[in-house]
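> Structure file my_file_31.cif, mmCIF, C-alpha atoms, is pasted below:
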data_data
loop_
_atom_site.label_atom_id
_atom_site.label_comp_id
_atom_site.auth_asym_id
_atom_site.auth_seq_id
_atom_site.Cartn_x
_atom_site.Cartn_y
_atom_site.Cartn_z
CA MET A 1 9.79 1.12 9.31
CA THR A 2 12.35 3.90 9.06
CA TYR A 3 14.54 5.16 6.28
CA GLU A 4 17.57 4.73 8.49
CA VAL A 5 17.26 0.98 8.12
CA THR A 6 16.29 0.96 4.47
CA ARG A 7 19.40 2.93 3.57
CA ARG A 8 21.58 0.43 5.38
CA ASP A 9 19.79 -2.50 3.85
CA ALA A 10 20.23 -1.01 0.39
CA LEU A 11 23.94 -1.68 0.76
CA ALA A 12 23.11 -5.37 0.89
CA LEU A 13 22.44 -5.51 -2.79
CA GLY A 14 25.53 -3.77 -4.04
CA ALA A 15 25.38 -1.35 -6.95
CA SER A 16 26.16 -4.00 -9.53
CA ALA A 17 23.36 -6.32 -8.42
CA ALA A 18 20.82 -3.52 -8.41
CA THR A 19 21.97 -2.30 -11.81
CA LEU A 20 21.73 -5.78 -13.31
CA ALA A 21 18.28 -6.19 -11.87
CA ILE A 22 17.03 -2.86 -13.19
CA THR A 23 18.46 -3.24 -16.67
CA GLY A 24 17.70 -6.92 -17.06
CA ALA A 25 21.27 -7.46 -18.22
CA SER A 26 23.14 -10.74 -18.62
CA ALA A 27 21.72 -12.28 -15.42
CA GLN A 28 18.31 -12.31 -17.07
CA GLU A 29 19.66 -13.98 -20.24
CA ALA A 30 20.80 -16.92 -18.12
CA SER A 31 17.41 -17.30 -16.46
CA LYS A 32 16.33 -20.83 -15.57
CA VAL A 33 12.73 -19.82 -14.96
CA LYS A 34 10.36 -21.66 -17.30
CA ALA A 35 7.20 -20.09 -18.64
CA ALA A 36 4.48 -22.09 -20.40
CA ASP A 37 3.04 -20.87 -23.68
CA VAL A 38 -0.38 -19.77 -22.45
CA ALA A 39 -2.77 -17.27 -24.00
CA ALA A 40 -3.02 -14.08 -21.95
CA PRO A 41 -6.46 -12.66 -21.10
CA SER A 42 -7.83 -9.91 -23.32
CA LEU A 43 -7.45 -6.64 -21.42
CA PRO A 44 -8.00 -3.73 -23.81
CA ILE A 45 -6.63 -0.70 -22.00
CA GLU A 46 -9.05 2.16 -21.57
CA LYS A 47 -8.41 5.34 -23.55
CA GLY A 48 -6.51 7.95 -21.58
CA ALA A 49 -5.81 5.53 -18.74
CA SER A 50 -3.49 6.48 -15.89
CA LEU A 51 -2.96 4.66 -12.62
CA ARG A 52 -2.00 5.41 -9.06
CA MET A 53 -0.64 2.65 -6.85
CA LEU A 54 0.06 2.55 -3.13
CA ARG A 55 2.38 -0.05 -1.63
CA PRO A 56 4.44 -0.60 1.54
CA VAL A 57 7.81 1.10 1.77
CA ARG A 58 10.77 -1.02 0.78
CA PHE A 59 13.07 -2.67 3.29
CA VAL A 60 15.83 -2.91 0.71
CA GLN A 61 16.44 -0.02 -1.66
CA ALA A 62 16.53 -2.15 -4.80
CA ASP A 63 12.97 -3.29 -4.10
CA GLU A 64 11.82 0.25 -4.88
CA ASP A 65 14.39 0.90 -7.62
CA VAL A 66 13.49 -2.17 -9.66
CA PHE A 67 9.77 -1.83 -8.98
CA ARG A 68 9.82 1.73 -10.33
CA ALA A 69 11.93 0.69 -13.32
CA ASN A 70 9.44 -2.06 -14.16
CA ALA A 71 6.54 0.39 -13.86
CA LYS A 72 8.31 2.70 -16.29
CA LYS A 73 8.67 -0.20 -18.74
CA PHE A 74 4.90 -0.61 -18.64
CA THR A 75 4.41 3.09 -19.30
CA ASP A 76 6.86 2.96 -22.20
CA LYS A 77 5.02 -0.03 -23.65
CA THR A 78 1.42 1.12 -23.17
CA GLY A 79 1.50 4.86 -22.63
CA VAL A 80 -0.26 4.44 -19.28
CA GLU A 81 1.25 6.83 -16.74
CA ILE A 82 1.75 5.19 -13.33
CA LYS A 83 2.35 6.95 -10.02
CA VAL A 84 3.67 4.62 -7.32
CA ASP A 85 3.69 5.86 -3.73
CA PHE A 86 5.57 3.96 -1.02
CA VAL A 87 4.15 4.41 2.49
CA GLY A 88 5.07 3.12 5.95
CA TRP A 89 4.04 -0.36 6.96
CA GLU A 90 1.80 0.89 9.75
CA ASP A 91 0.24 3.48 7.42
CA ILE A 92 -0.76 1.12 4.61
CA ASN A 93 -3.69 -0.38 6.56
CA GLN A 94 -5.05 3.04 7.50
CA GLN A 95 -4.75 4.42 3.99
CA THR A 96 -6.39 1.31 2.53
CA ALA A 97 -9.32 1.77 4.91
CA VAL A 98 -9.68 5.42 3.88
CA THR A 99 -9.58 4.46 0.20
CA SER A 100 -12.21 1.78 0.70
CA ASN A 101 -14.54 3.93 2.79
CA SER A 102 -14.29 6.99 0.57
CA GLY A 103 -14.49 5.19 -2.76
CA ALA A 104 -11.69 7.37 -4.06
CA GLY A 105 -7.92 7.35 -4.20
CA PRO A 106 -5.44 4.82 -5.58
CA ASP A 107 -6.58 2.43 -8.27
CA ILE A 108 -4.30 -0.31 -6.91
CA ILE A 109 -3.08 -0.95 -3.40
CA ILE A 110 -0.57 -3.61 -2.45
CA GLY A 111 -1.51 -4.38 1.12
CA PHE A 112 -0.55 -7.17 3.46
CA GLY A 113 -1.88 -10.72 3.55
CA ASP A 114 -5.60 -10.78 4.11
CA ALA A 115 -6.27 -7.11 3.24
CA PRO A 116 -8.35 -7.99 0.14
CA HIS A 117 -10.65 -10.07 2.34
CA ILE A 118 -11.35 -7.05 4.55
CA TYR A 119 -12.38 -4.87 1.59
CA ILE A 120 -13.76 -7.62 -0.61
CA ASP A 121 -16.94 -5.74 -1.56
CA LYS A 122 -14.93 -2.79 -2.87
CA LEU A 123 -12.65 -4.80 -5.17
CA ILE A 124 -12.82 -6.15 -8.70
CA GLU A 125 -12.14 -9.80 -9.40
CA LEU A 126 -8.70 -10.74 -10.71
CA THR A 127 -9.45 -14.34 -11.63
CA ASP A 128 -8.62 -14.03 -15.32
CA VAL A 129 -5.14 -12.66 -14.61
CA ALA A 130 -4.53 -15.08 -11.73
CA ASP A 131 -5.54 -18.13 -13.76
CA TYR A 132 -3.29 -17.05 -16.62
CA LEU A 133 -0.27 -16.47 -14.38
CA GLY A 134 -0.84 -19.73 -12.54
CA SER A 135 -0.99 -21.70 -15.78
CA ARG A 136 2.05 -19.93 -17.18
CA TYR A 137 4.33 -20.18 -14.13
CA GLY A 138 3.71 -23.59 -12.60
CA GLY A 139 0.84 -22.73 -10.28
CA TRP A 140 0.30 -20.52 -7.24
CA LEU A 141 1.82 -21.68 -3.97
CA ALA A 142 -0.33 -22.51 -0.95
CA LEU A 143 -0.06 -19.21 0.91
CA ALA A 144 -0.73 -17.25 -2.30
CA GLN A 145 -3.88 -19.27 -2.92
CA ARG A 146 -5.04 -18.79 0.65
CA TYR A 147 -4.63 -15.00 0.59
CA GLY A 148 -5.48 -14.43 -3.07
CA MET A 149 -8.71 -16.40 -3.39
CA ARG A 150 -12.09 -15.64 -1.93
CA SER A 151 -12.84 -18.28 0.71
CA LYS A 152 -14.64 -21.40 -0.54
CA SER A 153 -14.49 -20.28 -4.16
CA LYS A 154 -12.22 -20.24 -7.19
CA SER A 155 -12.36 -16.48 -7.64
CA TRP A 156 -9.34 -14.30 -6.97
CA ILE A 157 -9.60 -10.97 -5.18
CA GLY A 158 -5.87 -10.38 -4.66
CA LEU A 159 -2.65 -11.03 -6.56
CA PRO A 160 0.15 -11.91 -4.11
CA PHE A 161 3.55 -10.53 -5.09
CA GLY A 162 5.59 -12.41 -2.52
CA ALA A 163 6.06 -13.06 1.17
CA SER A 164 8.76 -12.23 3.66
CA GLY A 165 9.64 -15.11 5.96
CA GLY A 166 10.59 -14.45 9.56
CA PRO A 167 12.73 -17.37 10.72
CA LEU A 168 14.96 -17.34 13.76
CA VAL A 169 18.10 -15.23 13.46
CA TYR A 170 20.80 -15.91 16.03
CA ARG A 171 24.48 -15.68 16.90
CA LYS A 172 25.93 -19.16 16.45
CA SER A 173 28.75 -18.59 18.91
CA LEU A 174 26.33 -17.57 21.67
CA VAL A 175 24.01 -20.52 21.12
CA ASN A 176 26.99 -22.89 21.04
CA ALA A 177 28.41 -21.35 24.21
CA ALA A 178 25.06 -22.01 25.88
CA GLY A 179 25.48 -25.69 25.08
CA PHE A 180 23.31 -26.03 21.97
CA ASP A 181 24.19 -26.85 18.36
CA LYS A 182 21.12 -24.88 17.25
CA VAL A 183 17.95 -23.49 18.77
CA PRO A 184 15.91 -26.38 20.21
CA GLU A 185 12.58 -27.35 18.64
CA ASP A 186 10.78 -27.92 21.96
CA HIS A 187 9.42 -25.26 24.29
CA ALA A 188 11.40 -26.42 27.31
CA GLY A 189 14.63 -26.33 25.33
CA ILE A 190 13.93 -22.84 23.98
CA LEU A 191 13.25 -21.58 27.50
CA GLU A 192 16.50 -23.10 28.76
CA LEU A 193 18.48 -21.51 25.92
CA CYS A 194 16.88 -18.10 26.47
CA LYS A 195 17.68 -18.24 30.19
CA LYS A 196 21.32 -18.91 29.37
CA LEU A 197 21.45 -16.12 26.78
CA LYS A 198 19.99 -13.74 29.37
CA ALA A 199 22.61 -14.82 31.91
CA ALA A 200 25.33 -14.21 29.32
CA GLY A 201 24.08 -10.66 28.75
CA LYS A 202 22.87 -11.37 25.20
CA PRO A 203 19.15 -12.07 25.67
CA ALA A 204 16.53 -12.94 23.12
CA GLY A 205 14.21 -10.25 21.76
CA PHE A 206 10.82 -10.81 20.09
CA ALA A 207 8.31 -8.05 19.38
CA LEU A 208 5.24 -7.80 21.59
CA GLY A 209 4.25 -4.41 20.20
CA ASN A 210 1.81 -3.57 17.41
CA ALA A 211 4.24 -4.53 14.64
CA VAL A 212 2.73 -5.71 11.34
CA GLY A 213 5.36 -8.38 10.72
CA ASP A 214 7.25 -9.06 13.93
CA GLY A 215 4.46 -8.62 16.48
CA ASN A 216 1.94 -10.73 14.59
CA GLY A 217 4.65 -13.21 13.69
CA PHE A 218 5.64 -13.89 17.30
CA ALA A 219 2.05 -14.06 18.61
CA ASN A 220 1.07 -16.47 15.85
CA TRP A 221 4.12 -18.67 16.48
CA LEU A 222 3.39 -18.80 20.20
CA LEU A 223 -0.16 -20.02 19.58
CA TRP A 224 0.48 -22.28 16.62
CA SER A 225 3.44 -24.02 18.26
CA HIS A 226 1.07 -24.95 21.11
CA ASN A 227 -1.56 -26.19 18.62
CA ALA A 228 -3.73 -23.20 19.47
CA ALA A 229 -5.52 -21.11 16.84
CA LEU A 230 -7.97 -18.26 16.41
CA LEU A 231 -10.50 -20.44 14.55
CA ASP A 232 -11.28 -24.04 13.81
CA GLU A 233 -11.70 -25.30 10.24
CA GLU A 234 -15.38 -24.31 10.15
CA GLY A 235 -14.66 -20.77 11.30
CA ASN A 236 -15.72 -21.07 14.94
CA ILE A 237 -13.74 -18.91 17.36
CA ILE A 238 -11.59 -21.20 19.51
CA VAL A 239 -8.93 -18.80 20.78
CA ASN A 240 -10.13 -19.16 24.39
CA SER A 241 -8.87 -22.73 24.73
CA LYS A 242 -6.68 -24.78 27.00
CA GLU A 243 -4.03 -24.70 24.26
CA THR A 244 -4.02 -20.89 24.16
CA ILE A 245 -3.86 -20.67 27.96
CA ALA A 246 -0.93 -23.12 27.94
CA ALA A 247 0.82 -20.91 25.36
CA LEU A 248 0.27 -17.81 27.49
CA LYS A 249 1.52 -19.55 30.63
CA TYR A 250 4.63 -20.49 28.69
CA LEU A 251 5.05 -16.85 27.65
CA LYS A 252 4.94 -15.88 31.33
CA GLU A 253 8.07 -17.99 31.79
CA LEU A 254 9.74 -16.94 28.56
CA TYR A 255 9.19 -13.18 28.68
CA PRO A 256 11.55 -12.48 31.63
CA THR A 257 14.41 -13.78 29.47
CA PHE A 258 13.77 -11.09 26.81
CA ILE A 259 15.59 -7.80 26.56
CA ALA A 260 13.61 -5.00 28.20
CA GLY A 261 11.13 -3.01 26.12
CA THR A 262 9.76 -5.58 23.66
CA PRO A 263 6.08 -4.65 24.34
CA SER A 264 6.78 -1.33 22.59
CA TRP A 265 8.81 -2.76 19.70
CA ASN A 266 7.85 -2.05 16.11
CA ASP A 267 9.09 -3.78 12.96
CA VAL A 268 12.52 -2.19 13.09
CA SER A 269 13.32 -2.57 16.80
CA ASN A 270 14.79 -6.06 16.68
CA ASN A 271 16.98 -5.10 13.70
CA ARG A 272 18.55 -2.36 15.74
CA ALA A 273 18.96 -4.49 18.86
CA TYR A 274 20.58 -7.35 16.97
CA SER A 275 22.85 -5.09 14.90
CA SER A 276 24.08 -3.34 18.04
CA GLN A 277 24.75 -6.73 19.69
CA GLU A 278 22.23 -6.13 22.46
CA ILE A 279 20.48 -9.42 21.69
CA GLY A 280 21.62 -12.81 20.46
CA LEU A 281 18.35 -14.29 19.20
CA THR A 282 15.33 -12.90 17.33
CA ALA A 283 13.22 -13.57 14.22
CA ASN A 284 13.49 -11.49 11.06
CA GLY A 285 13.55 -11.36 7.28
CA VAL A 286 16.76 -11.66 5.27
CA SER A 287 17.34 -7.89 5.20
CA LEU A 288 18.95 -7.96 8.65
CA TYR A 289 21.57 -10.49 7.56
CA PHE A 290 22.42 -8.58 4.37
CA SER A 291 22.66 -5.22 6.11
CA LEU A 292 25.19 -6.75 8.51
CA LYS A 293 27.08 -8.63 5.81
CA ASN A 294 27.65 -5.59 3.62
CA ASP A 295 28.72 -3.17 6.32
CA PRO A 296 32.41 -3.68 7.23
CA ALA A 297 31.64 -2.60 10.77
CA THR A 298 29.18 -5.46 11.27
CA LYS A 299 30.39 -8.17 8.88
CA ALA A 300 31.72 -10.22 11.80
CA ILE A 301 28.19 -10.35 13.22
CA ALA A 302 26.87 -11.58 9.86
CA ASP A 303 29.54 -14.27 9.72
CA ASP A 304 28.38 -15.48 13.14
CA THR A 305 24.67 -15.35 12.16
CA ALA A 306 22.50 -18.37 11.37
CA HIS A 307 18.90 -18.72 10.21
CA GLN A 308 16.57 -21.50 11.34
CA PHE A 309 12.89 -22.23 10.83
CA LEU A 310 10.74 -21.23 13.78
CA PRO A 311 10.70 -24.09 16.31
CA LYS A 312 7.89 -26.61 15.93
CA GLY A 313 6.99 -26.94 19.58
CA LEU A 314 3.93 -29.20 19.54
CA ALA A 315 3.19 -28.63 15.85
CA SER A 316 4.07 -31.21 13.21
CA THR A 317 5.94 -28.69 11.05
CA SER A 318 7.47 -25.29 11.65
CA PRO A 319 4.55 -22.89 12.20
CA MET A 320 6.15 -20.13 10.19
CA SER A 321 3.99 -18.15 7.81
CA GLY A 322 5.03 -15.23 5.62
CA LEU A 323 4.16 -11.54 5.62
CA THR A 324 2.57 -11.36 2.18
CA LEU A 325 2.35 -8.50 -0.30
CA ASN A 326 -1.12 -8.70 -1.85
CA ALA A 327 -2.30 -6.46 -4.69
CA MET A 328 -5.93 -5.41 -5.05
CA VAL A 329 -7.79 -3.27 -7.58
CA PHE A 330 -10.64 -1.06 -6.37
CA LYS A 331 -14.00 -0.82 -8.10
CA HIS A 332 -13.79 2.97 -8.10
CA SER A 333 -10.91 2.84 -10.58
CA PRO A 334 -12.06 4.11 -13.99
CA TYR A 335 -9.35 1.97 -15.60
CA PRO A 336 -9.78 -1.62 -14.36
CA ASN A 337 -8.30 -3.22 -17.49
CA ALA A 338 -5.21 -1.03 -17.30
CA ALA A 339 -4.84 -1.93 -13.62
CA LYS A 340 -5.11 -5.65 -14.28
CA ALA A 341 -2.78 -5.43 -17.26
CA PHE A 342 -0.22 -3.62 -15.12
CA LEU A 343 -0.29 -6.24 -12.36
CA GLN A 344 0.00 -9.01 -14.94
CA PHE A 345 2.96 -7.24 -16.53
CA MET A 346 4.72 -6.85 -13.18
CA LEU A 347 4.37 -10.58 -12.43
CA GLU A 348 5.67 -11.71 -15.83
CA LYS A 349 9.14 -13.24 -15.93
CA GLU A 350 10.86 -10.31 -17.64
CA GLN A 351 9.89 -7.97 -14.80
CA TYR A 352 9.31 -10.22 -11.82
CA GLU A 353 12.53 -12.22 -11.84
CA PRO A 354 14.81 -9.15 -11.80
CA TRP A 355 12.73 -7.71 -8.96
CA LEU A 356 12.86 -11.00 -7.03
CA ASN A 357 16.62 -11.24 -7.50
CA ALA A 358 17.10 -7.62 -6.46
CA ASN A 359 15.36 -8.28 -3.15
CA SER A 360 18.04 -10.89 -2.32
CA GLY A 361 15.51 -13.22 -0.71
CA TYR A 362 13.56 -10.65 1.31
CA TRP A 363 10.42 -11.43 -0.71
CA SER A 364 9.81 -15.04 -1.73
CA GLN A 365 7.85 -15.92 -4.87
CA PRO A 366 4.11 -16.77 -5.01
CA LEU A 367 4.40 -18.73 -8.29
CA ALA A 368 6.19 -22.10 -8.38
CA ALA A 369 8.33 -21.44 -11.48
CA TYR A 370 10.22 -18.61 -9.77
CA ALA A 371 11.84 -21.11 -7.40
CA ASP A 372 14.44 -21.39 -10.20
CA ALA A 373 15.35 -17.70 -10.00
CA ALA A 374 19.04 -16.92 -9.58
CA VAL A 375 18.59 -15.45 -6.09
CA TRP A 376 18.08 -18.92 -4.61
CA SER A 377 21.35 -20.34 -5.90
CA GLY A 378 23.59 -17.72 -4.30
CA ASP A 379 24.26 -17.28 -0.59
CA PRO A 380 23.26 -20.55 1.17
CA ARG A 381 22.01 -18.60 4.18
CA VAL A 382 19.25 -17.19 1.99
CA SER A 383 17.88 -20.56 0.86
CA ILE A 384 15.71 -20.92 3.98
CA PHE A 385 13.48 -18.16 2.60
CA LYS A 386 12.92 -19.85 -0.76
CA GLU A 387 9.71 -21.73 0.05
CA THR A 388 8.08 -19.27 2.43
CA MET A 389 4.86 -19.30 0.43
CA LYS A 390 4.46 -23.06 0.70
CA SER A 391 3.41 -22.54 4.33
CA ALA A 392 0.06 -23.91 5.47
CA TYR A 393 -0.16 -21.22 8.18
CA TYR A 394 -1.84 -17.86 7.69
CA ASN A 395 -3.61 -15.06 9.57
CA GLY A 396 -6.93 -16.56 10.63
CA TYR A 397 -5.61 -20.13 10.73
CA LYS A 398 -7.30 -22.69 10.78
CA GLY A 399 -10.53 -21.19 9.48
CA PRO A 400 -11.64 -19.40 6.32
CA ILE A 401 -10.17 -15.95 5.80
CA SER A 402 -12.80 -13.22 5.98
CA THR A 403 -13.36 -9.56 6.72
CA ALA A 404 -13.48 -10.48 10.41
CA THR A 405 -10.22 -12.44 10.50
CA GLY A 406 -8.53 -9.58 8.69
CA ALA A 407 -9.86 -7.11 11.23
CA VAL A 408 -8.64 -9.26 14.13
CA THR A 409 -5.14 -9.15 12.67
CA ALA A 410 -5.27 -5.45 11.81
CA ASP A 411 -6.41 -4.65 15.36
CA TYR A 412 -3.59 -6.76 16.88
CA VAL A 413 -5.98 -8.82 18.99
CA LEU A 414 -3.58 -11.74 19.43
CA VAL A 415 -0.52 -9.53 19.88
CA GLN A 416 -2.22 -7.54 22.62
CA MET A 417 -3.44 -10.72 24.29
CA CYS A 418 0.17 -11.89 24.52
CA ALA A 419 1.52 -8.52 25.64
CA SER A 420 -1.05 -8.20 28.42
CA VAL A 421 0.04 -11.52 29.89
CA ALA A 422 3.76 -10.85 29.48
CA THR A 423 3.47 -7.53 31.34
CA ASP A 424 1.21 -8.92 34.08
CA ALA A 425 -1.69 -6.73 32.98
CA ALA A 426 -3.89 -9.84 32.72
CA THR A 427 -3.84 -13.50 33.64
CA PRO A 428 -3.64 -16.03 30.80
CA GLU A 429 -7.28 -16.96 31.40
CA ALA A 430 -8.48 -13.35 31.41
CA ALA A 431 -6.43 -12.43 28.35
CA ALA A 432 -7.74 -15.39 26.35
CA ALA A 433 -11.32 -14.53 27.31
CA GLU A 434 -10.81 -10.90 26.31
CA ALA A 435 -9.34 -11.92 22.94
CA GLU A 436 -12.34 -14.17 22.37
CA GLN A 437 -14.77 -11.34 23.08
CA ARG A 438 -12.90 -8.92 20.81
CA ALA A 439 -12.86 -11.48 17.99
CA LYS A 440 -16.58 -12.18 18.43
CA ARG A 441 -17.37 -8.48 18.00
CA TYR A 442 -15.71 -8.48 14.59
CA PHE A 443 -17.52 -11.61 13.51
CA ARG A 444 -20.88 -10.19 14.64
CA ARG A 445 -20.29 -7.09 12.53
CA GLN A 446 -19.40 -9.25 9.55
CA ASN A 447 -22.58 -11.31 9.88
CA ARG A 448 -25.01 -8.40 10.21
#
What is this file in structure tokens?


Amino acid sequence: MTYEVTRRDALALGASAATLAITGASAQEASKVKAADVAAPSLPIEKGASLRMLRPVRFVQADEDVFRANAKKFTDKTGVEIKVDFVGWEDINQQTAVTSNSGAGPDIIIGFGDAPHIYIDKLIELTDVADYLGSRYGGWLALAQRYGMRSKSKSWIGLPFGASGGPLVYRKSLVNAAGFDKVPEDHAGILELCKKLKAAGKPAGFALGNAVGDGNGFANWLLWSHNAALLDEEGNIIVNSKETIAALKYLKELYPTFIAGTPSWNDVSNNRAYSSQEIGLTANGVSLYFSLKNDPATKAIADDTAHQFLPKGLASTSPMSGLTLNAMVFKHSPYPNAAKAFLQFMLEKEQYEPWLNANSGYWSQPLAAYADAAVWSGDPRVSIFKETMKSAYYNGYKGPISTATGAVTADYVLVQMCASVATDAATPEAAAAEAEQRAKRYFRRQNR
């Protein structure tokens, strides 16, 4: 993630939208979000409390602006000073590991997805806050429950703040010129389209590098759309399967249609390639569309851009998950009540809805009631992101999330399996076997 992109994406919101979101002006008065009258948990804030939070850097400027404004509101209300540091997407995992291992550092970290399951023994439970918010705002959506709750229990170890969907993003004119109304749902059709886009000089581009969102997103789609998975429902490792090998053989055919260089792509590479009209098809969050729409130099590209759920392939529904922001509170914090009270405050309607609206659809809500937020009734091209957190797919699918599944994702086991096949460094059979062995090592460590 680079600041070059975040500055461009900040334009997407417009000064007036960001200002409304920060001040909670008239847009908030017209809110349609319903909140039940539910008693909040008792969280007496510790004397002299102050908090430090770490979270991933914003992809749209208003994400940070409104988040900081909301934090200041909490300070004004409670007197608790809060320091929020925004760090790079690749850095957040490393800094979370350091915090966990050292038992010192930030009180709160908003990590990605299954991060709380990796550091579960170092975290305090958040069940009281989660149960309150769920009762007040119509319940937690499926992906939020999966990432927020300890496996096979009702206890919460994370509080999801939202998820960024990564549907297909493509140039309508190019897809139409190739003879398709939209991107096909079947693997053979996708391959045919990508061959034609390559021949037209506007190839597809999907990350095969160690990218938190885009790399994991593509590898997961490839497997899930072939009915392959890391684990079965009981948690047995099944990645070395005929389904996985079929997916990797398909990638061998698909990869030559990609633009050159995708094995080294990070989470910003496809944004740049699409914006510069080097590619005609990728997958991305809504920030790409808004950055194009609000820049006069690229508005024509935005007007020709469409979003579509990731193709089903052999799956029964689109196997599209969401890159989830997930807050956790560490046991070393001397102010656990202040930390929980702060997270609760940030997820309440008065703070959360302006933040959600300010993100223009980049983050999608974890609580059902926020489906009525104003952001979802604006630009129709944003509506596809509305129900991202209803997805049944997640890192570690189909098994229980654990420290080991989190480590497999953090170490890019599936991404590197795919990249090795695409670049002819390994056969599909050898790559699947290697991924299986790497996964088993993490599970053995977990079970010691």

> Which value, in Å to one decimal, gives the distance between CA of Gly205 (chain A) and CA of Phe161 (chain A)?

28.9 Å

> Can you tell me, as an NGL selection string, what residues are no more than 9 Å from region 306-322 of chain A when counting all atoms listed in the file, ignoring any on the same chain fewer than 6 positions away?

:A and (113 or 143 or 162-172 or 182-188 or 190 or 213 or 217 or 220-222 or 224-227 or 283 or 286 or 289 or 364 or 381-382 or 384 or 388-395)

> Distance CA of Ile45 (chain A)-CA of Asn337 (chain A), one decimal place?

5.4 Å

> Find the residue from A:Ala425, A:Ser155, A:Ala338, A:Ser275 that sits nearest to Ala297 (chain A); use only C-alpha atoms when measuring.

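Of A:Ala425, A:Ser155, A:Ala338, A:Ser275, the one nearest Ala297 (chain A), counting only C-alpha atoms, is A:Ser275.
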
> Out of A:Tyr274, A:Tyr362, A:Tyr147, A:Trp376, which residue has the shortest atom-to-atom distance to Phe290 (chain A) when counting only C-alpha atoms?

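Using only C-alpha atoms, the shortest distance to Phe290 (chain A) belongs to A:Tyr362.
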
> In terms of the shortest atom-to-atom distance over all atoms listed in the file, which of A:Asp114, A:Glu234, A:Glu90, A:Glu350 is closest to Gly406 (chain A)?

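Among A:Asp114, A:Glu234, A:Glu90, A:Glu350, it is A:Asp114 that comes nearest to Gly406 (chain A).
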
> Report as a PyMOL selection string the residues that result from applying the PyMOL selection byres ((chain A and resi 174) around 12) to the structure here.

chain A and resi 169-173+175-183+193-194+196-204+277+279-281+301+304-306

> List the residues matched by the PyMOL selection byres ((chain A and resi 351) around 12) in the displayed structure as a ChimeraX atom specification, ordered by chain and then by residue number.

/A:21-25,28,66-74,161,342-350,352-358,370

> Closest to Asp372 (chain A) among A:Val129, A:Glu387, A:Asn210, A:Val98, using all atoms listed in the file?

A:Glu387

> Identify which of the residues A:Gly378, A:Pro41, A:Gly105, A:Gly235 lies closest to Tyr397 (chain A), counting only C-alpha atoms when measuring atom-to-atom distances.

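When distances to Tyr397 (chain A) are compared using only C-alpha atoms, the smallest one comes from A:Gly235.
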
> Identify, on the basis of all atoms listed in the file, every residue whose closest approach to Lys293 (chain A) does not exceed 8 Å; exclude the query and any residue fewer than 6 positions from it along the same chain; express the result as a PDB file with C-alpha atoms, in the coordinates of the input.


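So the final result, stored in around.pdb, reads:
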ATOM      1  CA  ALA A  12      23.110  -5.370   0.890  1.00  0.00           C
ATOM      2  CA  LYS A 299      30.390  -8.170   8.880  1.00  0.00           C
ATOM      3  CA  ALA A 300      31.720 -10.220  11.800  1.00  0.00           C
ATOM      4  CA  ILE A 301      28.190 -10.350  13.220  1.00  0.00           C
ATOM      5  CA  ALA A 302      26.870 -11.580   9.860  1.00  0.00           C
ATOM      6  CA  ASP A 303      29.540 -14.270   9.720  1.00  0.00           C
TER       7      ASP A 303
END

> Could you spell out the hits of the PyMOL selection byres ((chain A and resi 246) around 12) on the shown file, as a list in words?

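Selected by the PyMOL selection byres ((chain A and resi 246) around 12) here: His187, Leu222, Leu223, Trp224, Ser225, His226, Asn227, Ala228, Val239, Asn240, Ser241, Lys242, Glu243, Thr244, Ile245, Ala247, Leu248, Lys249, Tyr250, Leu251, Lys252, Glu253, Leu314, Cys418, Val421, Thr427, Pro428, Glu429 and Ala432 of chain A.
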